[in-house]
$ cat data20.txt   # compact mmCIF, C-alpha atoms
# COMPACT_ATOMS: atom_id res chain seq x y z
CA MET A 118 0.00 0.00 0.00
CA PHE A 119 1.89 2.85 -1.51
CA ALA A 120 -0.48 5.51 -0.14
CA MET A 121 0.26 4.31 3.41
CA ASP A 122 4.03 4.16 2.91
CA LEU A 123 4.13 7.72 1.62
CA SER A 124 1.46 9.03 4.01
CA ALA A 125 -0.48 10.38 1.03
CA THR A 126 -3.45 12.52 2.01
CA VAL A 127 -5.00 13.22 -1.42
CA LEU A 128 -5.82 10.77 -4.19
CA CYS A 129 -6.30 11.88 -7.82
CA CYS A 130 -7.65 9.36 -10.31
CA THR A 131 -10.81 8.24 -12.09
CA PRO A 132 -13.77 7.51 -9.78
CA SER A 133 -13.88 3.90 -10.96
CA TYR A 134 -10.24 3.42 -10.00
CA ALA A 135 -10.94 4.92 -6.56
CA ALA A 136 -13.84 2.48 -6.17
CA TYR A 137 -11.52 -0.35 -7.18
CA LEU A 138 -8.92 0.74 -4.60
CA GLY A 139 -11.67 0.76 -1.98
CA GLU A 140 -12.63 -2.80 -2.87
CA ARG A 141 -9.02 -3.98 -2.77
CA MET A 142 -8.57 -2.35 0.64
CA LYS A 143 -11.58 -4.22 1.97
CA GLU A 144 -10.21 -7.47 0.56
CA LEU A 145 -6.86 -6.88 2.24
CA GLY A 146 -8.62 -6.17 5.51
CA TYR A 147 -7.97 -2.41 5.71
CA GLY A 148 -10.61 0.04 6.86
CA PRO A 149 -10.93 3.78 6.17
CA ASP A 150 -9.06 4.60 9.39
CA ASP A 151 -6.00 2.62 8.34
CA ILE A 152 -5.03 4.99 5.54
CA PRO A 153 -3.93 8.63 5.80
CA LEU A 154 -6.09 9.82 2.86
CA LYS A 155 -8.31 12.82 3.59
CA ALA A 156 -9.66 13.80 0.20
CA GLY A 157 -9.95 12.60 -3.38
CA ILE A 158 -10.16 14.46 -6.68
CA PHE A 159 -11.88 12.30 -9.25
CA GLY A 160 -12.66 12.99 -12.87
CA ALA A 161 -12.27 11.99 -16.53
CA GLU A 162 -15.47 9.95 -16.52
CA ALA A 163 -19.09 10.21 -15.45
CA TRP A 164 -19.94 9.15 -11.91
CA SER A 165 -23.03 9.33 -9.73
CA GLU A 166 -23.81 10.68 -6.27
CA GLU A 167 -24.25 7.08 -5.11
CA MET A 168 -20.74 6.30 -6.28
CA ARG A 169 -19.44 9.36 -4.45
CA LYS A 170 -21.06 8.21 -1.20
CA ASP A 171 -19.69 4.73 -1.70
CA ILE A 172 -16.12 5.97 -2.29
CA GLU A 173 -16.31 8.39 0.63
CA LYS A 174 -17.42 5.58 2.93
CA THR A 175 -14.91 2.92 1.88
CA LEU A 176 -11.89 5.25 1.72
CA GLY A 177 -12.97 7.53 4.59
CA ILE A 178 -12.43 10.69 2.52
CA LYS A 179 -14.29 13.61 0.98
CA ALA A 180 -14.61 13.01 -2.77
CA PHE A 181 -14.60 15.96 -5.18
CA ASP A 182 -15.41 16.13 -8.87
CA ILE A 183 -13.05 17.79 -11.34
CA TYR A 184 -13.62 18.78 -14.95
CA GLY A 185 -11.11 19.58 -17.62
CA LEU A 186 -10.21 18.96 -21.21
CA THR A 187 -6.83 18.57 -22.81
CA GLU A 188 -7.45 21.33 -25.35
CA LEU A 189 -7.95 23.94 -22.63
CA SER A 190 -5.60 23.11 -19.81
CA GLY A 191 -6.18 19.49 -18.99
CA PRO A 192 -7.48 19.19 -15.44
CA GLY A 193 -8.27 22.44 -13.66
CA VAL A 194 -11.03 23.96 -15.77
CA ALA A 195 -13.64 23.48 -13.07
CA PHE A 196 -13.54 21.98 -9.61
CA GLU A 197 -15.93 21.28 -6.78
CA CYS A 198 -15.83 23.18 -3.51
CA SER A 199 -16.72 22.01 -0.01
CA ALA A 200 -20.43 22.33 -0.89
CA GLN A 201 -20.07 19.41 -3.36
CA SER A 202 -22.95 20.74 -5.42
CA GLY A 203 -21.46 21.50 -8.83
CA MET A 204 -18.07 22.61 -10.12
CA HIS A 205 -16.87 26.20 -9.99
CA ILE A 206 -15.40 27.18 -13.34
CA ASN A 207 -12.12 29.10 -13.07
CA GLU A 208 -13.59 32.17 -14.72
CA ASP A 209 -10.41 34.19 -14.39
CA HIS A 210 -9.03 31.87 -17.09
CA PHE A 211 -12.07 30.64 -19.01
CA ILE A 212 -15.34 32.18 -20.21
CA ALA A 213 -18.08 29.54 -20.22
CA GLU A 214 -21.26 29.61 -22.31
CA ILE A 215 -24.06 27.16 -23.04
CA ILE A 216 -25.24 26.91 -26.65
CA ASP A 217 -27.86 24.99 -28.55
CA PRO A 218 -25.72 22.37 -30.37
CA ASP A 219 -27.93 22.54 -33.47
CA THR A 220 -28.48 26.30 -33.92
CA GLU A 221 -25.25 27.34 -32.10
CA GLU A 222 -27.26 30.10 -30.36
CA VAL A 223 -26.16 31.06 -26.85
CA LEU A 224 -28.79 29.94 -24.33
CA PRO A 225 -29.83 31.76 -21.14
CA GLU A 226 -28.42 30.77 -17.75
CA GLY A 227 -29.85 27.55 -16.39
CA SER A 228 -30.54 26.03 -19.83
CA VAL A 229 -29.26 22.60 -20.77
CA GLY A 230 -27.02 22.69 -23.83
CA GLU A 231 -23.47 22.29 -25.10
CA LEU A 232 -20.70 23.79 -23.02
CA VAL A 233 -18.45 26.22 -24.89
CA PHE A 234 -15.21 27.74 -23.60
CA THR A 235 -13.08 30.72 -24.49
CA ALA A 236 -9.62 30.77 -22.95
CA VAL A 237 -8.74 34.24 -21.67
CA ASP A 238 -5.02 33.89 -21.06
CA LYS A 239 -3.81 31.15 -23.35
CA GLU A 240 -1.24 32.51 -25.79
CA ALA A 241 0.34 29.85 -27.99
CA PHE A 242 -2.88 27.85 -28.40
CA PRO A 243 -5.80 30.23 -28.25
CA MET A 244 -9.32 28.87 -27.89
CA ILE A 245 -12.30 30.98 -28.83
CA ARG A 246 -15.76 29.57 -28.25
CA TYR A 247 -14.40 26.05 -28.30
CA ARG A 248 -17.17 23.46 -28.39
CA THR A 249 -16.63 20.74 -25.77
CA LYS A 250 -19.52 18.60 -27.07
CA ASP A 251 -20.38 18.04 -23.40
CA ILE A 252 -24.03 18.65 -22.58
CA CYS A 253 -24.56 20.38 -19.24
CA LYS A 254 -26.03 23.35 -17.35
CA LEU A 255 -24.48 26.52 -15.86
CA THR A 256 -25.79 28.42 -12.83
CA ARG A 257 -24.58 31.64 -11.25
CA GLU A 258 -25.83 31.87 -7.72
CA LYS A 259 -23.84 32.57 -4.61
CA CYS A 260 -22.40 29.33 -3.32
CA SER A 261 -22.43 28.39 0.37
CA CYS A 262 -18.62 28.27 0.17
CA GLY A 263 -18.59 32.00 -0.56
CA ARG A 264 -17.36 31.84 -4.14
CA THR A 265 -19.23 33.66 -6.89
CA HIS A 266 -17.67 31.80 -9.83
CA ILE A 267 -20.20 30.26 -12.19
CA LYS A 268 -20.98 26.64 -11.43
CA MET A 269 -21.37 23.82 -13.93
CA ALA A 270 -23.41 20.67 -13.30
CA LYS A 271 -21.95 17.26 -14.08
CA PRO A 272 -21.98 16.75 -17.87
CA MET A 273 -25.12 14.78 -18.75
CA GLY A 274 -24.04 13.48 -22.13
CA ARG A 275 -22.40 14.31 -25.42
CA SER A 276 -23.58 16.09 -28.53
CA ASP A 277 -21.42 13.77 -30.67
CA ASP A 278 -20.99 9.99 -30.55
CA MET A 279 -17.89 9.97 -28.35
CA LEU A 280 -17.98 7.50 -25.48
CA ILE A 281 -15.97 7.76 -22.31
CA ILE A 282 -15.06 4.26 -21.21
CA ARG A 283 -12.91 3.81 -18.09
CA GLY A 284 -11.91 7.43 -18.44
CA VAL A 285 -10.73 7.01 -22.04
CA ASN A 286 -12.32 8.81 -25.00
CA VAL A 287 -13.54 6.33 -27.60
CA PHE A 288 -15.07 7.13 -30.99
CA PRO A 289 -17.05 4.38 -32.75
CA SER A 290 -15.23 5.29 -35.98
CA GLN A 291 -11.93 4.13 -34.43
CA ILE A 292 -13.46 0.74 -33.71
CA GLU A 293 -14.82 0.58 -37.24
CA THR A 294 -11.34 1.20 -38.68
CA VAL A 295 -9.87 -1.68 -36.67
CA LEU A 296 -12.67 -4.03 -37.72
CA MET A 297 -12.23 -3.21 -41.40
CA ASN A 298 -8.45 -3.63 -41.15
CA ASN A 299 -9.02 -7.09 -39.70
CA GLY A 300 -11.37 -8.13 -42.49
CA TYR A 301 -14.58 -8.01 -40.48
CA ALA A 302 -17.81 -6.54 -41.80
CA ALA A 303 -18.71 -3.00 -40.83
CA ASN A 304 -21.82 -4.21 -39.08
CA TYR A 305 -20.92 -4.13 -35.41
CA GLN A 306 -22.29 -3.05 -32.07
CA ILE A 307 -20.56 -1.61 -29.05
CA ILE A 308 -22.10 -2.54 -25.71
CA VAL A 309 -21.00 -0.48 -22.72
CA ASP A 310 -22.17 -1.26 -19.20
CA ARG A 311 -20.99 -0.70 -15.67
CA VAL A 312 -20.52 -3.70 -13.40
CA ASN A 313 -19.17 -3.22 -9.86
CA ASN A 314 -18.23 0.38 -10.61
CA THR A 315 -16.09 -0.61 -13.61
CA ASP A 316 -17.07 -0.04 -17.22
CA THR A 317 -17.42 -3.13 -19.36
CA PHE A 318 -16.72 -2.72 -23.06
CA ASP A 319 -17.93 -5.36 -25.52
CA VAL A 320 -17.46 -5.17 -29.25
CA GLN A 321 -19.79 -7.51 -31.10
CA VAL A 322 -19.08 -8.43 -34.70
CA GLU A 323 -20.80 -10.79 -37.05
CA MET A 324 -19.06 -13.86 -38.40
CA THR A 325 -18.61 -13.75 -42.17
CA PRO A 326 -17.98 -16.60 -44.65
CA GLU A 327 -14.53 -15.10 -45.31
CA MET A 328 -13.58 -15.15 -41.62
CA PHE A 329 -14.99 -18.58 -40.84
CA THR A 330 -12.89 -21.72 -40.74
CA ASP A 331 -13.43 -25.19 -39.33
CA ASN A 332 -10.42 -24.60 -37.06
CA ILE A 333 -11.53 -23.23 -33.70
CA GLY A 334 -7.98 -22.24 -32.72
CA GLU A 335 -7.67 -20.09 -35.81
CA ILE A 336 -10.97 -18.31 -35.10
CA GLU A 337 -9.91 -17.64 -31.53
CA ALA A 338 -6.51 -16.36 -32.66
CA ARG A 339 -8.28 -13.86 -34.94
CA GLN A 340 -10.54 -12.87 -32.07
CA ARG A 341 -7.45 -12.20 -29.92
CA LYS A 342 -5.76 -10.23 -32.68
CA LEU A 343 -8.85 -8.05 -33.02
CA SER A 344 -8.87 -7.47 -29.27
CA ASP A 345 -5.15 -6.59 -29.32
CA ASP A 346 -5.59 -4.20 -32.25
CA LEU A 347 -8.49 -2.47 -30.47
CA LYS A 348 -6.31 -2.07 -27.39
CA ALA A 349 -3.50 -0.61 -29.50
CA MET A 350 -5.91 1.85 -31.14
CA LEU A 351 -7.97 2.86 -28.11
CA GLY A 352 -5.72 2.22 -25.14
CA ILE A 353 -8.32 0.10 -23.37
CA LYS A 354 -9.20 -3.56 -23.56
CA ALA A 355 -12.41 -4.68 -25.23
CA LYS A 356 -14.11 -8.04 -25.10
CA VAL A 357 -14.70 -9.23 -28.65
CA SER A 358 -17.74 -11.43 -29.28
CA LEU A 359 -18.48 -13.17 -32.56
CA LEU A 360 -22.15 -13.34 -33.43
CA ALA A 361 -24.14 -15.21 -36.03
CA PRO A 362 -24.62 -13.39 -39.37
CA LYS A 363 -27.48 -10.87 -39.45
CA SER A 364 -27.95 -11.09 -35.68
CA ILE A 365 -27.10 -7.41 -35.20
CA ALA A 366 -30.24 -5.44 -36.01
CA ARG A 367 -30.12 -3.50 -39.25
CA SER A 368 -31.92 -0.28 -38.65
CA GLU A 369 -33.68 1.54 -41.43
CA GLY A 370 -32.12 4.91 -40.82
CA LYS A 371 -29.05 5.47 -38.72
CA ALA A 372 -27.53 2.22 -37.51
CA VAL A 373 -27.46 1.71 -33.75
CA ARG A 374 -23.76 1.20 -33.19
CA VAL A 375 -23.61 1.98 -29.51
CA VAL A 376 -25.69 0.53 -26.71
CA ASP A 377 -24.78 2.28 -23.48
CA LYS A 378 -26.44 0.49 -20.58
CA ARG A 379 -24.62 2.46 -17.86
CA LYS A 380 -26.93 4.02 -15.33
CA ILE A 381 -25.01 6.92 -13.86
CA MET B 271 -12.13 -41.14 -51.00
CA SER B 272 -12.81 -38.52 -48.41
CA VAL B 273 -16.25 -37.58 -47.19
CA LYS B 274 -17.73 -34.06 -47.16
CA GLN B 275 -18.34 -32.56 -43.77
CA ILE B 276 -20.15 -29.26 -43.14
CA SER B 277 -18.90 -27.00 -40.34
CA VAL B 278 -21.49 -24.50 -39.13
CA PHE B 279 -20.76 -21.44 -36.98
CA LEU B 280 -23.14 -21.20 -34.03
CA GLU B 281 -23.43 -18.64 -31.28
CA ASN B 282 -23.20 -20.16 -27.83
CA LYS B 283 -26.72 -19.24 -26.75
CA PRO B 284 -30.07 -20.92 -26.28
CA GLY B 285 -31.87 -21.58 -29.55
CA ALA B 286 -28.83 -21.36 -31.85
CA LEU B 287 -28.64 -25.11 -32.43
CA LYS B 288 -32.43 -25.39 -32.69
CA LYS B 289 -32.40 -22.92 -35.57
CA MET B 290 -29.89 -25.09 -37.45
CA THR B 291 -31.66 -28.40 -36.82
CA GLY B 292 -34.93 -26.70 -37.79
CA VAL B 293 -33.53 -25.65 -41.18
CA LEU B 294 -32.16 -29.13 -41.88
CA ALA B 295 -35.41 -30.80 -40.79
CA GLY B 296 -37.45 -28.38 -42.92
CA HIS B 297 -35.52 -29.46 -46.00
CA GLU B 298 -35.57 -33.15 -45.09
CA ILE B 299 -31.81 -33.36 -44.86
CA ASP B 300 -30.67 -36.53 -43.16
CA MET B 301 -27.75 -36.27 -40.73
CA ARG B 302 -25.39 -39.20 -40.48
CA ALA B 303 -23.01 -37.76 -37.93
CA LEU B 304 -22.83 -34.74 -35.66
CA SER B 305 -20.12 -33.33 -33.45
CA MET B 306 -20.14 -30.09 -31.49
CA VAL B 307 -17.19 -28.07 -30.25
CA GLU B 308 -17.59 -24.96 -28.21
CA THR B 309 -15.70 -22.03 -26.76
CA ARG B 310 -17.07 -19.58 -24.25
CA ASP B 311 -19.09 -17.60 -26.75
CA PHE B 312 -19.34 -19.57 -29.96
CA GLY B 313 -19.32 -23.10 -31.23
CA ILE B 314 -18.97 -25.11 -34.40
CA ALA B 315 -21.36 -27.90 -35.36
CA ARG B 316 -19.75 -30.45 -37.66
CA ILE B 317 -22.20 -32.56 -39.56
CA ILE B 318 -22.18 -35.23 -42.25
CA VAL B 319 -25.40 -35.34 -44.26
CA ASP B 320 -26.90 -37.22 -47.18
CA ASP B 321 -26.83 -34.17 -49.48
CA PRO B 322 -24.01 -31.80 -48.49
CA ILE B 323 -24.43 -29.32 -51.36
CA SER B 324 -28.14 -28.75 -50.69
CA ALA B 325 -27.44 -28.54 -46.97
CA VAL B 326 -24.85 -25.79 -47.45
CA ASN B 327 -27.26 -23.88 -49.70
CA VAL B 328 -30.23 -24.04 -47.36
CA LEU B 329 -28.04 -23.07 -44.41
CA LYS B 330 -26.74 -20.08 -46.34
CA GLU B 331 -30.29 -19.00 -47.19
CA ALA B 332 -31.08 -19.15 -43.48
CA ASP B 333 -28.10 -16.80 -42.76
CA PHE B 334 -25.74 -19.41 -41.37
CA VAL B 335 -22.02 -19.22 -42.02
CA SER B 336 -20.71 -22.66 -42.89
CA ASN B 337 -18.03 -24.34 -44.94
CA LEU B 338 -17.55 -27.63 -46.65
CA ASN B 339 -14.42 -29.62 -45.85
CA SER B 340 -13.08 -33.14 -46.21
CA VAL B 341 -12.79 -35.77 -43.52
CA LEU B 342 -11.67 -39.37 -43.52
CA VAL B 343 -14.23 -41.94 -42.37
CA VAL B 344 -13.17 -45.40 -41.28
CA GLU B 345 -15.36 -48.28 -40.16
CA ILE B 346 -14.18 -50.26 -37.15
CA PRO B 347 -15.62 -53.26 -35.33
CA ASP B 348 -17.68 -52.07 -32.35
CA GLU B 349 -15.75 -54.11 -29.77
CA PRO B 350 -13.01 -53.59 -27.16
CA GLY B 351 -9.70 -52.69 -28.83
CA GLY B 352 -11.36 -51.68 -32.12
CA LEU B 353 -10.28 -48.06 -31.90
CA ASP B 354 -6.86 -48.92 -30.54
CA LYS B 355 -6.02 -50.97 -33.63
CA LEU B 356 -7.14 -48.16 -35.90
CA ILE B 357 -5.18 -45.47 -34.05
CA ASN B 358 -2.11 -47.69 -34.25
CA ILE B 359 -2.32 -47.50 -38.02
CA PHE B 360 -2.52 -43.69 -37.86
CA ALA B 361 0.56 -43.66 -35.64
CA ASP B 362 2.43 -46.03 -37.97
CA ALA B 363 1.53 -43.88 -40.97
CA GLU B 364 2.58 -40.76 -39.01
CA VAL B 365 -0.73 -39.05 -39.67
CA ASN B 366 -1.51 -36.27 -37.21
CA ILE B 367 -5.17 -36.02 -36.22
CA GLU B 368 -6.56 -32.50 -35.86
CA TYR B 369 -9.76 -33.76 -34.34
CA MET B 370 -11.98 -36.82 -34.49
CA TYR B 371 -15.37 -38.06 -33.44
CA ALA B 372 -17.30 -41.28 -33.42
CA VAL B 373 -20.62 -42.51 -34.75
CA SER B 374 -21.82 -45.89 -33.61
CA GLY B 375 -23.31 -48.03 -36.34
CA HIS B 376 -26.32 -50.30 -36.33
CA LYS B 377 -26.40 -53.11 -33.82
CA SER B 378 -26.79 -55.60 -36.66
CA THR B 379 -23.52 -54.65 -38.36
CA LYS B 380 -21.59 -54.50 -35.06
CA SER B 381 -19.51 -51.67 -36.38
CA ALA B 382 -18.83 -48.02 -35.61
CA CYS B 383 -17.51 -45.18 -37.75
CA MET B 384 -14.61 -42.96 -36.79
CA ILE B 385 -14.38 -39.58 -38.46
CA PHE B 386 -10.98 -37.91 -38.71
CA ARG B 387 -9.92 -34.42 -39.69
CA VAL B 388 -6.28 -34.19 -40.76
CA ALA B 389 -4.16 -31.40 -42.21
CA ASP B 390 -3.62 -32.90 -45.67
CA THR B 391 -6.49 -35.25 -46.41
CA LYS B 392 -5.15 -36.65 -49.69
CA ALA B 393 -1.62 -37.36 -48.43
CA ALA B 394 -2.95 -38.89 -45.22
CA GLU B 395 -5.37 -41.06 -47.13
CA ALA B 396 -2.61 -42.39 -49.39
CA ARG B 397 -0.43 -43.28 -46.42
CA LEU B 398 -3.28 -44.94 -44.51
CA VAL B 399 -4.36 -46.97 -47.55
CA SER B 400 -0.79 -48.16 -48.03
CA LYS B 401 -0.99 -49.52 -44.46
CA GLY B 402 -4.00 -51.55 -45.50
CA LEU B 403 -6.78 -49.31 -44.15
CA LYS B 404 -10.13 -48.99 -45.93
CA ILE B 405 -11.39 -45.42 -46.12
CA LEU B 406 -15.13 -45.05 -46.66
CA THR B 407 -16.63 -43.07 -49.53
CA GLN B 408 -19.60 -40.73 -49.42
CA ASP B 409 -21.78 -43.55 -50.76
CA ASP B 410 -20.51 -46.00 -48.13
CA VAL B 411 -21.36 -43.52 -45.39
CA MET B 412 -24.91 -43.15 -46.68
CA LYS B 413 -25.37 -46.91 -46.43
CA ILE B 414 -24.43 -47.08 -42.77

$ encode --input "data20.txt" --output "structure tokens"
Amino acid sequence: MFAMDLSATVLCCTPSYAAYLGERMKELGYGPDDIPLKAGIFGAEAWSEEMRKDIEKTLGIKAFDIYGLTELSGPGVAFECSAQSGMHINEDHFIAEIIDPDTEEVLPEGSVGELVFTAVDKEAFPMIRYRTKDICKLTREKCSCGRTHIKMAKPMGRSDDMLIIRGVNVFPSQIETVLMNNGYAANYQIIVDRVNNTDTFDVQVEMTPEMFTDNIGEIEARQRKLSDDLKAMLGIKAKVSLLAPKSIARSEGKAVRVVDKRKI
Amino acid sequence: MSVKQISVFLENKPGALKKMTGVLAGHEIDMRALSMVETRDFGIARIIVDDPISAVNVLKEADFVSNLNSVLVVEIPDEPGGLDKLINIFADAEVNIEYMYAVSGHKSTKSACMIFRVADTKAAEARLVSKGLKILTQDDVMKI
């Protein structure tokens, strides 16, 4: 237990990793009083209030949400205060607006829409009305912590098809590229779920006459290669399932490529 | 003479096999042998039927992925030591078996059939025949 050896008091990671650490601690017989941690800063993926309570209980800490994006400054765009009721945006560095993702019109305070940032003091890499594609809500009311900085709610979704799986940004088009490179058909489905606070990531592809052989070892080797290639492309491991032909529903309009079963 | 075997891809889930047997039954295709192999999420059904070409076609129409391959079929006496003698011949002929399965014959004939998949069917067949083994033909299999 590295955190104990170094007397660490703050933990920064994804909420699912914090939940995992909590589980491991329990397994090893450690309670919240056995570790010096006081607070945690968790971000890079969606998490619920229930998950916050769970992490706070198992690790014996206060858990705070953080929001950021690489294009702006990485972490540090917005951060929760002691009130734990939304993230204060660092308005001395960033101007935040909410727009309608379709019309691009700026919406009044309190509306749900796409979050847009303008960086005030970035020089080499200026950002003007940069669209985050994150759907959320901004409110400017005096916070019980005393700050007057505008507060953003947890992002509720995306205005594009990007998925955040185990804290990693995944675009279905990346998966499609890997499938095509491996000789699979473009008809696929991505199933994302959350089991025991960890995202599961299944890529389902249909078997084709070209990919089928009587040799089970060969089919499994191809399955493994596909899984390895997905890991190389995305940085996270996917479970690859081979389905019978035409078992993935063909929709009439836009194909349903992503089934996100996570309840956050 | 090798015999045609059909390998059919099946998902490992309830109803997958039923769909295949339903298609074969609907087209009155007679199965002479069946073997199943499975992994965690898929399986392969290997079947020998009276009319392999029609079977492949009707399976394809029903959206199954399958392929036609060759296997060696040998009849052995259905008695203790029957298989041992046969496998000895394979060992002598240095034929490597990829997989095999058995079909028991009719009680009256007191025989069973062993079905073998090998890497090079023709070469293996030549070597086994030279050791005195009789390899069954498609017609022979239909008469079992």

$ residues_around --input "data20.txt" --residues "Ile314 (chain B)" --least-positions-apart "2" --cutoff "8 Å" --atoms "all atoms listed in the file" --output "MDAnalysis selection string"
(chainID A and resid 331 333) or (chainID B and resid 277:280 306:308 312 316)

$ interface_residues --input "data20.txt" --of "chain B" --to "chain A" --cutoff "6 Å" --atoms "only C-alpha atoms" --output "JSON, numbers by chain"
{"B": [277, 281, 333, 335]}

$ closest_residue --input "data20.txt" --among "B:Ala295, B:Val365, B:Ala325, B:Val343" --to "Gln408 (chain B)" --atoms "all atoms listed in the file"
B:Val343

$ closest_residue --input "data20.txt" --among "A:Gln321, A:Ser133, A:Ser124, A:Ser199" --to "Ile172 (chain A)" --atoms "all atoms listed in the file"
A:Ser133

$ atom_distance --input "data20.txt" --atom1 "CA of Gly227 (chain A)" --atom2 "CA of Lys170 (chain A)"
26.1 Å

$ closest_residue --input "data20.txt" --among "A:Asn314, A:Asn304, A:Ser344, A:Asn299" --to "Lys380 (chain A)" --atoms "only C-alpha atoms"
A:Asn314

$ residues_around --input "data20.txt" --residues "Glu364 (chain B)" --least-positions-apart "3" --cutoff "10 Å" --atoms "only C-alpha atoms" --output "list of chain:residue names"
B:Asn358, B:Ile359, B:Phe360, B:Ala361, B:Ile367, B:Ala394, B:Arg397, B:Leu398

$ closest_residue --input "data20.txt" --among "A:Val285, A:Ala236, A:Met204, A:Ala338" --to "Asp182 (chain A)" --atoms "all atoms listed in the file"
A:Met204

$ residues_around --input "data20.txt" --residues "region 140-149 of chain A" --least-positions-apart "6" --cutoff "12 Å" --atoms "only C-alpha atoms" --output "PDB file with C-alpha atoms, in the coordinates of the input"
ATOM      1  CA  MET A 118       0.000   0.000   0.000  1.00  0.00           C
ATOM      2  CA  PHE A 119       1.890   2.850  -1.510  1.00  0.00           C
ATOM      3  CA  ALA A 120      -0.480   5.510  -0.140  1.00  0.00           C
ATOM      4  CA  MET A 121       0.260   4.310   3.410  1.00  0.00           C
ATOM      5  CA  SER A 133     -13.880   3.900 -10.960  1.00  0.00           C
ATOM      6  CA  TYR A 134     -10.240   3.420 -10.000  1.00  0.00           C
ATOM      7  CA  LYS A 155      -8.310  12.820   3.590  1.00  0.00           C
ATOM      8  CA  ALA A 156      -9.660  13.800   0.200  1.00  0.00           C
ATOM      9  CA  ASP A 171     -19.690   4.730  -1.700  1.00  0.00           C
ATOM     10  CA  ILE A 172     -16.120   5.970  -2.290  1.00  0.00           C
ATOM     11  CA  GLU A 173     -16.310   8.390   0.630  1.00  0.00           C
ATOM     12  CA  LYS A 174     -17.420   5.580   2.930  1.00  0.00           C
ATOM     13  CA  THR A 175     -14.910   2.920   1.880  1.00  0.00           C
ATOM     14  CA  LEU A 176     -11.890   5.250   1.720  1.00  0.00           C
ATOM     15  CA  GLY A 177     -12.970   7.530   4.590  1.00  0.00           C
ATOM     16  CA  ILE A 178     -12.430  10.690   2.520  1.00  0.00           C
ATOM     17  CA  LYS A 179     -14.290  13.610   0.980  1.00  0.00           C
ATOM     18  CA  ASN A 313     -19.170  -3.220  -9.860  1.00  0.00           C
ATOM     19  CA  ASN A 314     -18.230   0.380 -10.610  1.00  0.00           C
ATOM     20  CA  THR A 315     -16.090  -0.610 -13.610  1.00  0.00           C
TER      21      THR A 315
END

$ atom_distance --input "data20.txt" --atom1 "CA of Met168 (chain A)" --atom2 "CA of Ala136 (chain A)"
7.9 Å

$ closest_residue --input "data20.txt" --among "B:Glu349, B:Asp409, B:Asp362, B:Asp321" --to "Ser272 (chain B)" --atoms "all atoms listed in the file"
B:Asp409

$ decode --input "data20.txt" --residues "region 203-214 of chain A" --atoms "N, CA and C atoms" --output "PDB file, in the first residue's frame"
ATOM      1  N   GLY A 203     -21.771  20.922  -7.516  1.00  0.00           N
ATOM      2  CA  GLY A 203     -21.462  21.500  -8.826  1.00  0.00           C
ATOM      3  C   GLY A 203     -20.038  22.018  -8.823  1.00  0.00           C
ATOM      4  N   MET A 204     -19.476  22.220 -10.020  1.00  0.00           N
ATOM      5  CA  MET A 204     -18.067  22.606 -10.116  1.00  0.00           C
ATOM      6  C   MET A 204     -17.926  24.080 -10.472  1.00  0.00           C
ATOM      7  N   HIS A 205     -17.138  24.807  -9.679  1.00  0.00           N
ATOM      8  CA  HIS A 205     -16.869  26.204  -9.988  1.00  0.00           C
ATOM      9  C   HIS A 205     -15.909  26.272 -11.165  1.00  0.00           C
ATOM     10  N   ILE A 206     -16.298  27.025 -12.187  1.00  0.00           N
ATOM     11  CA  ILE A 206     -15.398  27.180 -13.337  1.00  0.00           C
ATOM     12  C   ILE A 206     -14.404  28.300 -13.018  1.00  0.00           C
ATOM     13  N   ASN A 207     -13.148  28.083 -13.327  1.00  0.00           N
ATOM     14  CA  ASN A 207     -12.125  29.097 -13.073  1.00  0.00           C
ATOM     15  C   ASN A 207     -12.276  30.229 -14.089  1.00  0.00           C
ATOM     16  N   GLU A 208     -13.202  31.131 -13.753  1.00  0.00           N
ATOM     17  CA  GLU A 208     -13.589  32.169 -14.717  1.00  0.00           C
ATOM     18  C   GLU A 208     -12.509  33.227 -14.968  1.00  0.00           C
ATOM     19  N   ASP A 209     -11.504  33.269 -14.105  1.00  0.00           N
ATOM     20  CA  ASP A 209     -10.407  34.192 -14.386  1.00  0.00           C
ATOM     21  C   ASP A 209      -9.565  33.679 -15.556  1.00  0.00           C
ATOM     22  N   HIS A 210      -9.764  32.441 -15.953  1.00  0.00           N
ATOM     23  CA  HIS A 210      -9.033  31.868 -17.089  1.00  0.00           C
ATOM     24  C   HIS A 210      -9.949  31.486 -18.264  1.00  0.00           C
ATOM     25  N   PHE A 211     -11.191  31.142 -17.956  1.00  0.00           N
ATOM     26  CA  PHE A 211     -12.072  30.639 -19.015  1.00  0.00           C
ATOM     27  C   PHE A 211     -13.448  31.297 -18.957  1.00  0.00           C
ATOM     28  N   ILE A 212     -13.966  31.674 -20.135  1.00  0.00           N
ATOM     29  CA  ILE A 212     -15.344  32.176 -20.207  1.00  0.00           C
ATOM     30  C   ILE A 212     -16.201  30.992 -20.668  1.00  0.00           C
ATOM     31  N   ALA A 213     -17.233  30.697 -19.891  1.00  0.00           N
ATOM     32  CA  ALA A 213     -18.081  29.542 -20.223  1.00  0.00           C
ATOM     33  C   ALA A 213     -19.431  30.008 -20.746  1.00  0.00           C
ATOM     34  N   GLU A 214     -19.930  29.325 -21.774  1.00  0.00           N
ATOM     35  CA  GLU A 214     -21.259  29.611 -22.314  1.00  0.00           C
ATOM     36  C   GLU A 214     -21.946  28.279 -22.617  1.00  0.00           C
TER      37      GLU A 214
END
